[in-house]
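Asker: Contents of input-v3.txt (compact mmCIF, C-alpha atoms) are given next:
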# COMPACT_ATOMS: atom_id res chain seq x y z
CA MET A 1 -14.91 23.74 2.63
CA SER A 2 -11.98 22.76 0.44
CA ILE A 3 -9.26 25.44 0.26
CA ARG A 4 -8.53 24.09 -3.20
CA HIS A 5 -12.01 24.86 -4.47
CA GLY A 6 -12.19 28.09 -2.51
CA LEU A 7 -9.17 29.41 -4.40
CA LEU A 8 -10.56 28.20 -7.71
CA ALA A 9 -13.82 30.04 -7.00
CA LEU A 10 -11.91 33.23 -6.23
CA LEU A 11 -9.80 32.91 -9.39
CA GLU A 12 -12.99 32.55 -11.41
CA ARG A 13 -13.58 36.21 -10.52
CA GLY A 14 -10.28 37.17 -12.13
CA GLN A 15 -6.50 36.95 -11.86
CA MET A 16 -5.05 37.23 -8.35
CA TYR A 17 -1.77 36.66 -6.56
CA GLY A 18 -1.33 34.92 -3.22
CA TYR A 19 -1.95 37.76 -0.79
CA GLN A 20 -4.99 38.91 -2.78
CA LEU A 21 -6.40 35.38 -2.64
CA ARG A 22 -5.91 35.17 1.12
CA ALA A 23 -7.59 38.54 1.67
CA ALA A 24 -10.50 37.66 -0.64
CA PHE A 25 -10.96 34.26 1.02
CA GLU A 26 -11.11 35.77 4.51
CA GLU A 27 -13.44 38.54 3.33
CA SER A 28 -15.79 35.98 1.77
CA THR A 29 -15.91 33.91 4.96
CA GLY A 30 -16.00 36.86 7.36
CA SER A 31 -12.56 35.86 8.71
CA THR A 32 -14.17 32.80 10.29
CA TRP A 33 -11.60 30.62 8.52
CA PRO A 34 -8.22 32.40 8.57
CA LEU A 35 -5.61 31.21 6.09
CA ASN A 36 -1.89 31.64 6.35
CA ILE A 37 -0.05 32.57 3.20
CA GLY A 38 1.85 29.28 3.24
CA GLN A 39 -1.43 27.37 2.81
CA VAL A 40 -2.35 29.58 -0.13
CA TYR A 41 0.91 29.08 -2.03
CA THR A 42 1.06 25.35 -1.25
CA THR A 43 -2.45 24.94 -2.64
CA LEU A 44 -1.64 27.06 -5.70
CA SER A 45 1.38 24.83 -6.42
CA ARG A 46 -0.84 21.73 -6.32
CA LEU A 47 -3.47 23.36 -8.51
CA GLU A 48 -0.76 24.31 -11.01
CA ARG A 49 0.61 20.76 -10.93
CA ASP A 50 -2.88 19.41 -11.67
CA GLY A 51 -3.39 21.85 -14.54
CA LEU A 52 -6.22 23.73 -12.83
CA VAL A 53 -4.48 27.10 -12.62
CA ARG A 54 -1.58 28.69 -14.49
CA PRO A 55 0.93 31.29 -13.28
CA LEU A 56 1.27 34.55 -15.18
CA PRO A 57 4.35 36.77 -15.59
CA GLU A 58 5.42 38.64 -12.49
CA SER A 59 4.35 42.23 -12.04
CA GLU A 60 6.85 45.05 -11.65
CA ALA A 61 6.40 44.68 -7.89
CA GLY A 62 7.51 41.04 -8.12
CA GLN A 63 4.06 39.57 -7.53
CA ARG A 64 3.03 36.58 -9.64
CA PRO A 65 -0.71 36.38 -10.35
CA TYR A 66 -2.55 33.17 -11.22
CA GLU A 67 -5.53 32.48 -13.42
CA ILE A 68 -7.92 29.55 -13.60
CA THR A 69 -7.74 27.18 -16.58
CA ASP A 70 -10.59 25.49 -18.45
CA ALA A 71 -9.84 22.30 -16.51
CA GLY A 72 -10.05 24.31 -13.30
CA ARG A 73 -13.45 25.70 -14.32
CA ALA A 74 -14.70 22.18 -15.00
CA ASP A 75 -13.43 20.97 -11.62
CA LEU A 76 -15.04 23.93 -9.87
CA ALA A 77 -18.37 23.40 -11.67
CA LEU A 78 -18.34 19.74 -10.61
CA TRP A 79 -17.68 20.71 -7.00
CA PHE A 80 -20.58 23.16 -6.97
CA ALA A 81 -22.88 20.56 -8.55
CA THR A 82 -21.94 17.70 -6.18
CA PRO A 83 -23.66 17.55 -2.75
CA ILE A 84 -21.33 17.27 0.24
CA SER A 85 -21.51 13.79 1.77
CA ARG A 86 -21.47 13.49 5.55
CA THR A 87 -18.81 10.78 5.18
CA ASP A 88 -16.54 13.40 3.58
CA ARG A 89 -16.62 15.60 6.68
CA PRO A 90 -14.17 15.36 9.59
CA ARG A 91 -15.11 13.06 12.46
CA ASP A 92 -16.88 14.78 15.33
CA GLU A 93 -14.07 15.11 17.89
CA LEU A 94 -16.45 16.15 20.68
CA ALA A 95 -18.67 13.06 20.28
CA ILE A 96 -15.60 10.82 20.30
CA LYS A 97 -14.21 12.68 23.34
CA LEU A 98 -17.41 12.11 25.36
CA ALA A 99 -17.65 8.48 24.30
CA LEU A 100 -14.11 7.90 25.54
CA ALA A 101 -14.73 9.91 28.73
CA LEU A 102 -17.55 7.50 29.62
CA THR A 103 -15.19 4.54 29.51
CA THR A 104 -12.01 6.11 30.92
CA PRO A 105 -11.46 5.63 34.69
CA GLY A 106 -11.14 8.82 36.72
CA VAL A 107 -12.85 11.12 34.20
CA ASP A 108 -15.88 13.11 35.41
CA VAL A 109 -18.03 13.08 32.28
CA ARG A 110 -20.45 15.65 33.67
CA ASN A 111 -17.60 18.14 34.12
CA VAL A 112 -16.49 17.51 30.54
CA VAL A 113 -20.04 18.15 29.27
CA GLN A 114 -20.53 21.28 31.39
CA ALA A 115 -17.16 22.76 30.39
CA GLN A 116 -17.94 22.20 26.72
CA ARG A 117 -21.41 23.65 27.07
CA SER A 118 -20.02 26.83 28.66
CA ALA A 119 -17.44 27.20 25.88
CA THR A 120 -20.03 26.61 23.16
CA MET A 121 -22.40 29.16 24.71
CA ARG A 122 -19.61 31.77 24.74
CA ALA A 123 -18.84 31.03 21.10
CA LEU A 124 -22.54 31.25 20.24
CA GLN A 125 -22.82 34.67 21.88
CA GLU A 126 -19.78 35.94 19.95
CA LEU A 127 -21.11 34.57 16.63
CA THR A 128 -24.48 36.22 17.27
CA ARG A 129 -22.75 39.53 18.01
CA LEU A 130 -20.79 39.29 14.74
CA LYS A 131 -23.90 38.32 12.81
CA TYR A 132 -25.76 41.48 13.78
CA GLY A 133 -22.70 43.70 13.50
CA SER A 134 -23.37 44.58 9.87
CA ASN A 135 -26.35 44.54 7.54
CA ARG A 136 -24.64 45.69 4.35
CA PRO A 137 -25.76 43.77 1.25
CA GLU A 138 -22.14 42.98 0.36
CA ASP A 139 -21.77 41.17 3.71
CA LEU A 140 -24.31 38.49 2.79
CA PRO A 141 -21.71 35.78 1.91
CA TRP A 142 -20.02 35.85 5.29
CA ARG A 143 -23.32 36.33 7.15
CA LEU A 144 -24.46 33.02 5.63
CA VAL A 145 -21.24 31.42 6.90
CA LEU A 146 -21.96 32.87 10.35
CA ASP A 147 -25.55 31.57 10.19
CA SER A 148 -24.23 28.08 9.55
CA MET A 149 -21.87 28.35 12.53
CA VAL A 150 -24.67 29.71 14.75
CA PHE A 151 -26.97 26.81 13.83
CA GLN A 152 -24.19 24.30 14.48
CA ALA A 153 -23.44 25.84 17.89
CA GLU A 154 -27.15 25.83 18.82
CA ALA A 155 -27.41 22.18 17.79
CA GLU A 156 -24.32 21.35 19.85
CA VAL A 157 -25.84 23.00 22.94
CA ARG A 158 -29.05 20.98 22.48
CA TRP A 159 -27.02 17.78 22.08
CA LEU A 160 -25.00 18.57 25.23
CA ASP A 161 -28.28 19.13 27.12
CA HIS A 162 -29.37 15.70 25.89
CA CYS A 163 -26.06 14.25 27.08
CA GLU A 164 -26.58 15.70 30.57
CA THR A 165 -30.09 14.22 30.74
CA SER A 166 -28.80 10.84 29.58
CA LEU A 167 -26.04 10.89 32.19
CA VAL A 168 -28.59 11.49 34.95
CA ARG A 169 -30.45 8.36 33.86
CA HIS A 170 -27.27 6.37 33.32
CA ARG A 171 -26.63 3.64 35.87
CA PRO A 172 -23.41 1.70 35.30
CA THR A 173 -24.08 -2.01 35.49
CA GLY A 174 -21.95 -4.15 37.75
CA PRO A 175 -20.84 -7.71 37.04
CA ALA A 176 -23.73 -10.13 36.69
CA ALA A 177 -24.31 -12.60 39.51
CA PRO A 178 -23.46 -16.19 38.57
CA ALA A 179 -26.43 -18.30 37.57
CA PRO A 180 -27.45 -20.94 40.17
CA ARG A 181 -26.30 -24.47 39.40
CA PRO A 182 -28.65 -27.45 39.53
CA GLY A 183 -28.84 -28.74 43.11
CA ASP A 184 -27.84 -25.41 44.72
CA ALA A 185 -30.08 -24.35 47.58
CA ASP A 186 -32.01 -21.13 47.00
CA ALA A 187 -32.49 -18.41 49.63
CA GLY A 188 -35.76 -19.97 50.88
CA ASP A 189 -34.20 -23.40 51.39
CA ALA A 190 -31.31 -21.82 53.32
CA ALA A 191 -33.70 -19.96 55.64
CA ARG A 192 -35.73 -23.10 56.36
CA TRP A 193 -32.57 -25.09 57.05
CA ALA A 194 -31.34 -22.39 59.49
CA GLY A 195 -34.70 -22.44 61.34
CA GLU A 196 -34.67 -26.19 61.71
CA GLU A 197 -31.14 -26.10 63.12
CA ALA A 198 -32.13 -23.45 65.65
CA ARG A 199 -35.02 -25.61 66.94
CA ARG A 200 -32.79 -28.63 67.49
Can you dump the structure from the file as structure tokens?

Answerer:
Amino acid sequence: MSIRHGLLALLERGQMYGYQLRAAFEESTGSTWPLNIGQVYTTLSRLERDGLVRPLPESEAGQRPYEITDAGRADLALWFATPISRTDRPRDELAIKLALALTTPGVDVRNVVQAQRSATMRALQELTRLKYGSNRPEDLPWRLVLDSMVFQAEAEVRWLDHCETSLVRHRPTGPAAPAPRPGDADAGDAARWAGEEARR
């Protein structure tokens, strides 16, 4: 999820200042994606630069709220209407890690797979505990986020099981034997020659 569009979506609800945006973002995602306040204000500055939000006068407490602009609403509507492409998502670090482990001398790939599987199972158990921790209707947004994370963890465990099975069947190939040259004696010729020598 883009922090940029997350903040725009929150500002569509109404005016907010930085700390309110951070709290609302974490509430919406069930604190599964914590933000630091520096990220919030850096993103707000970029949104203001791009004309997608505008700052409002400071409150008596010294807090400056922001509001979304018409351009920001158009950008947000486009984001909601555009499917997320897999090429837009971060590379899968785990898949790259295992691919490199297979070709790096001295690395026990099975240990890497088993360690990851144990960690993913622990994360899955914690996500499942959080998922069933509350059934309030207002918790639906972050429960959907948790569902997505649960499904991803379950898929990762299945993929790691597949990796273990593949490693069992994997047999590293050694260097190929050189092809015989024309005129070279084969194994049968060598045996017959040895027998003839022994009879002499």

Asker: Using CA of Val112 in chain A and CA of Pro34 in chain A as the two end points, give the distance in Å to one decimal.

Answerer: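 One can read the CA of Val112 in chain A to CA of Pro34 in chain A distance as 27.8 Å.
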
Asker: Please provide as a compact mmCIF listing (two decimals) with C-alpha atoms, keeping the file's coordinate frame all residues within 7 Å of range 154-161 of chain A, with the sequence filter that same-chain residues fewer than 2 positions apart are discarded (counting only C-alpha atoms).

Answerer:
# COMPACT_ATOMS: atom_id res chain seq x y z
CA VAL A 113 -20.04 18.15 29.27
CA ARG A 117 -21.41 23.65 27.07
CA THR A 120 -20.03 26.61 23.16
CA VAL A 150 -24.67 29.71 14.75
CA PHE A 151 -26.97 26.81 13.83
CA GLN A 152 -24.19 24.30 14.48
CA CYS A 163 -26.06 14.25 27.08
CA GLU A 164 -26.58 15.70 30.57
CA THR A 165 -30.09 14.22 30.74

Asker: Determine, counting all atoms listed in the file, which protein, DNA and RNA residues have an atom within 7 Å of an atom of range 49-57 of chain A; residues of the same chain fewer than 2 positions away are not included. Present the result as a list in words.

Answerer: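 Listed by chain and then number, they are Ser45, Arg46, Leu47, Ser59, Arg64, Pro65, Tyr66, Glu67, Ile68, Thr69, Ala71 and Gly72 of chain A.
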
Asker: Please put the answer as JSON: centre and edge lengths, in Å with one decimal, of a box along x, y and z that encloses all listed atoms of range 34-41 of chain A plus 3 Å on each side.

Answerer:
{"center_x": -3.2, "center_y": 30.0, "center_z": 3.3, "size_x": 16.1, "size_y": 11.2, "size_z": 16.6}

Asker: When you draw a straight line from CA of Val40 in chain A to CA of Glu12 in chain A, how long is it in Å?

Answerer: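 According to the coordinates, CA of Val40 in chain A and CA of Glu12 in chain A are separated by 15.8 Å.
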
Asker: Interatomic distance between CA of Gln63 in chain A and CA of Asp75 in chain A?

Answerer: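 Atom-to-atom, CA of Gln63 in chain A and CA of Asp75 in chain A are spaced 25.9 Å apart.
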
Asker: Compile the contact shell of range 134-139 of chain A as a ChimeraX atom specification: residues with an atom at most 12 Å away, counting all atoms listed in the file, same-chain residues fewer than 2 positions apart removed.

Answerer: /A:26-31,128-132,141-146

Asker: Counting all atoms listed in the file, which of A:Leu167, A:Ala123, A:Met149, A:Ala61 gets nearest to Leu102 in chain A?

Answerer: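 Ranked by minimum distance to Leu102 in chain A, first place goes to A:Leu167.
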
Asker: For Gly18 in chain A, which of A:Leu35, A:Leu140, A:Val168, A:Leu100 is the closest residue, counting all atoms listed in the file?

Answerer: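 Ranked by minimum distance to Gly18 in chain A, first place goes to A:Leu35.
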